[in-house]
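Down below is the structure, laid out as structure tokens.
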Amino acid sequence: MGINGDSKRKSCIVILFFLIAISATITFPVSSAMGSQVYVPGDGSGDFHSGGSDNNVQVAKALKFEAENFYFKSVHLENPSRYLTGYTFLSGAGTTVEDDSDAGIMSINDACKGLLIPLMTNGFYNLMFFDKSTGIFPFLVVHVMFFVFCIGVVVAYANSGPHPLKDPSFREAMKLLLPLLFVGFLFMLFPHISSIYNPPDDLAHVQISKDNGIVTVENEKGSVIHSGSCDADAIEAALAEIDGGAILFENGHYDIDHTIRLKSDVSFVGNDDVVFDCTSSPAFNTGTGGYSSSLISLSSDANSGDTQIKLSSVSGLNVGDYVKISDDFSVPFQRIDYKNGELAEIVSISGSTITVDRPLYDDYTVARNAQVRKISMFKNIKFENIDFVGYGMETSSTAIYFYGVSNIMISNCGFEDFGNRAISFWDCLDCIVEGSTFKRVFKDGTGYGIAVTNACDNIVIRDNSFLEKGRHYIAVVAGQGGVTTGGFTRHVDVINNIFRDCADEAVNSHPTSAAVFIVKDNEFYDCRKGVEFSNSDSVIANNTFVRCANGVVLFDPGNHLIEGNSFRGNRISIIPHNTNSVTRDNSFEDNG
């Protein structure tokens with residue numbers, strides 16, 4: 001039987017509008033939570049505003065509220081690599097931002113999606129997290145399906161049974177509507193109820209814990225996938241379990257007694273006091289297997305600013321591949337000639353011409369044997385809240401070697417007692433090191449806290465503390481030998497760091513670079529040299545140099561702006577072995 005009569009039609013329309021309202025409520029659109037700080041505005045918009053990089057999600061340790069009268073329904077953290085867990089009461093007054101740093105809301109890099117549902121309690125907002133809220137279907141699709149299902153229930157119920165409702169009264173219609181309203185209310189408060197569980201593999205996570213010398217690995221369903229006495233074996237078992245996601249470490253010291261090979265789309269996240277005792281060097285490594293052994297020659301010159309490169313062949317190349325373009329132009333340094341070169345991603349191929357994602361920095365000519373090498377880049381590797389301890393200064397110990405990686409995040413980690421290098425980037429793009437501490441990374445002739453090597457670009461080093469016995473805390477260098485050789489680092493930002501007790505240059509570029517440095521808002525104390533640049537351009541602004549033998553040292557070639565810095569108690573503040581330096585608005589006190 002069909003639904004007949006104006007009364008029934010009106011009742012169904014009323015039901016329809018209620019269901020639309022419920023569906024609209026539980027699929028309320030929100031922004032992604034991006035950046036190092038998360039702010040909730042008090043203007044009623046309900047949007048997340050963020051600081052920091054728009055391309056990299058960073059730790060959000062505590063929500064900051066600008067007012068008590070903000071209003072929003074739900075926050076869906078769209079980025080698959082982070083969500084917030086825990087709950088607390090937070091509030092603000094007026095326009096003053098209150099930093100509830102002890103709120104207990106921590107960032108967990110779990111590669112899952114989640115929801116924060118605000119519940120009003122005594123004028124405060126209690127933000128509660130519901131784990132693994134979405135999976136196979138997108139959030140909106142799930143609730144549209146629920147909406148259609150509810151309509152079907154109404155129609156089926158109204159037309160079934162021995163006494164179908166031909167002309168129901170409003171009271172009879174409400175008998176149908178109230179149960180649906182109750183269900184809709186539950187979905188509004190707890191949207192995860194309607195979600196599809198068993199997230200796909202690329203959103204998985206595993207947890208590692210250690211007790212009485214036994215290390216246990218559990219998958220997200222709580223099943224034990226590994227148990228044994230070797231911590232490094234356990235980490236490798238965790239890596240083998242997921243194609244992408246997070247490895248969560250519970251409190252404890254984990255012995256890294258052999259090198260662990262990294263892979264793409266994996267995050268290592270420590271919970272509270274997590275220490276990696278690195279008795280192997282390097283402790284973690286991507287390896288150089290992504291570098292093709294074959295080279296393809298250019299068929300015509302490629303000029304600075306070009307995005308199209310004509311090759312003798314495009315065999316083996318595909319859209320989305322990365323290539324390193326280089327030729328025989330070189331810079332001599334310490335009796336070795338270092339070749340230029342840069343990385344680019346192929347965005348299209350037409351005939352024997354590739355189009356890349358960014359204009360070329362330099363010229364590459366057929367006369368200088370210009371060629372490209374394919375590199376299968378690793379992507380999206382992160383370490384967070386983990387302390388790395390090496391086996392001593394003046395040793396060959398290294399914590400992490402990254403070869404050919406795009407999008408690296410090192411956040412809130414510690415590195416100490418390494419001899420060779422703490423972190424080494426080779427041919428890496430879009431990397432951030434933030435909120436971390438470096439101590440006692442020293443070896444005569446090496447000793448790099450962060451080494452930026454070959455064709456790296458867009459390296460951001462911010463909000464870190466380099467505190468004790470370093471040689472070069474940050475250095476742009478060049479590799480020697482093998483397929484990894486070649487390429488000049490391009491852009492490095494060094495922002496809001498503290499440097500102390502550096503035996504050589506705290507921030508340094510070897511002549512084997514063509515970098516553009518931004519060095520701003522840093523503090524340098526008791527360093528032999530605060531900054532020394534060769535073959536680089538730079539902006540050195542708003543820094544403090546205290547009791548350094550040399551504050552800033554510059555060599556040709558390069559263009560430099562030295563502005564707004566404070567020099568106090570240094571033997572020599574600025575040594576511009578360079579005719580292209582602009583020095584202005586700096587202050588000098590008690591300098592030699």
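Labels for the structure tokens follow display order: chains A, B, ..., residues from 1 in each chain, ligands from 1.
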
Next on the checklist: Can you tell me, as a PyMOL selection string, which residues in segment 409-551 of chain A count as strand (DSSP E) by DSSP?
Outcome noted: chain A and resi 409-411+414-418+421-426+429-434+437-441+448-453+457-462+465-470+472-477+491-495+498-500+505-509+516-520+523-525+529-533+537-541+544-546+550-551

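When only C-alpha atoms are used to measure the gap to Ser536 of chain A, the shortest distance among A:Cys278, A:Val217, A:Val476, A:Ile432 belongs to A:Val476.
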
Checklist entry - Excluding same-chain residues fewer than 4 positions from Lys529 of chain A, what lies within 12 Å of it counting only C-alpha atoms, as number ranges by chain? => result A: 470-473, 499-508, 524-525, 533, 545-554, 570-575

Item to check | Polymer residues at most 9 Å from Leu311 of chain A, only C-alpha atoms, same-chain spacing of 3 or more positions, as an MDAnalysis selection string | outcome: chainID A and resid 296:300 314 352:354 371:372

For Asn285 of chain A, work out the shell of residues within 7 Å, counting only C-alpha atoms and skipping chain neighbours fewer than 4 positions away, then give it as a CSV table (one decimal) with all heavy atoms, in the first residue's frame.
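Contents of the output file around00.csv:
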chain,number,residue,atom,x,y,z
A,259,THR,N,71.3,-2.2,13.0
A,259,THR,CA,70.7,-1.1,12.3
A,259,THR,C,69.3,-1.5,11.8
A,259,THR,O,69.1,-2.6,11.3
A,259,THR,CB,71.5,-0.7,11.0
A,259,THR,OG1,72.8,-0.2,11.5
A,259,THR,CG2,70.8,0.3,10.2
A,260,ILE,N,68.3,-0.6,12.0
A,260,ILE,CA,66.9,-0.9,11.7
A,260,ILE,C,66.6,-0.1,10.4
A,260,ILE,O,66.9,1.1,10.3
A,260,ILE,CB,66.0,-0.5,12.8
A,260,ILE,CG1,66.2,-1.4,14.0
A,260,ILE,CG2,64.5,-0.6,12.3
A,260,ILE,CD1,65.4,-1.0,15.2
A,261,ARG,N,66.2,-0.8,9.4
A,261,ARG,CA,65.9,-0.2,8.1
A,261,ARG,C,64.5,0.4,8.1
A,261,ARG,O,63.5,-0.3,8.4
A,261,ARG,CB,66.0,-1.2,7.0
A,261,ARG,CG,65.8,-0.7,5.6
A,261,ARG,CD,66.9,0.3,5.2
A,261,ARG,NE,68.3,-0.2,5.3
A,261,ARG,CZ,68.9,-0.9,4.3
A,261,ARG,NH1,68.3,-1.1,3.2
A,261,ARG,NH2,70.1,-1.3,4.5
A,262,LEU,N,64.4,1.7,7.8
A,262,LEU,CA,63.1,2.4,7.8
A,262,LEU,C,62.4,2.2,6.5
A,262,LEU,O,62.9,1.8,5.5
A,262,LEU,CB,63.4,3.9,8.1
A,262,LEU,CG,64.1,4.3,9.4
A,262,LEU,CD1,64.6,5.8,9.3
A,262,LEU,CD2,63.2,4.1,10.5
A,400,ILE,N,70.6,8.5,13.1
A,400,ILE,CA,69.7,8.3,12.0
A,400,ILE,C,70.3,8.8,10.7
A,400,ILE,O,70.8,10.0,10.6
A,400,ILE,CB,68.3,9.0,12.1
A,400,ILE,CG1,67.7,8.7,13.5
A,400,ILE,CG2,67.3,8.5,11.1
A,400,ILE,CD1,66.5,9.6,13.8
A,401,TYR,N,70.4,8.0,9.7
A,401,TYR,CA,70.7,8.4,8.3
A,401,TYR,C,69.5,8.3,7.5
A,401,TYR,O,68.8,7.3,7.3
A,401,TYR,CB,71.8,7.4,7.7
A,401,TYR,CG,73.2,7.8,7.9
A,401,TYR,CD1,74.1,7.0,8.7
A,401,TYR,CD2,73.7,9.0,7.4
A,401,TYR,CE1,75.4,7.3,8.9
A,401,TYR,CE2,75.0,9.3,7.6
A,401,TYR,CZ,75.9,8.5,8.3
A,401,TYR,OH,77.2,8.9,8.5
A,402,PHE,N,69.1,9.5,6.9
A,402,PHE,CA,68.0,9.5,5.9
A,402,PHE,C,68.6,9.7,4.5
A,402,PHE,O,69.3,10.7,4.2
A,402,PHE,CB,67.1,10.7,6.2
A,402,PHE,CG,66.4,10.6,7.5
A,402,PHE,CD1,66.7,11.4,8.6
A,402,PHE,CD2,65.3,9.7,7.6
A,402,PHE,CE1,66.0,11.3,9.8
A,402,PHE,CE2,64.6,9.6,8.8
A,402,PHE,CZ,64.9,10.4,9.9
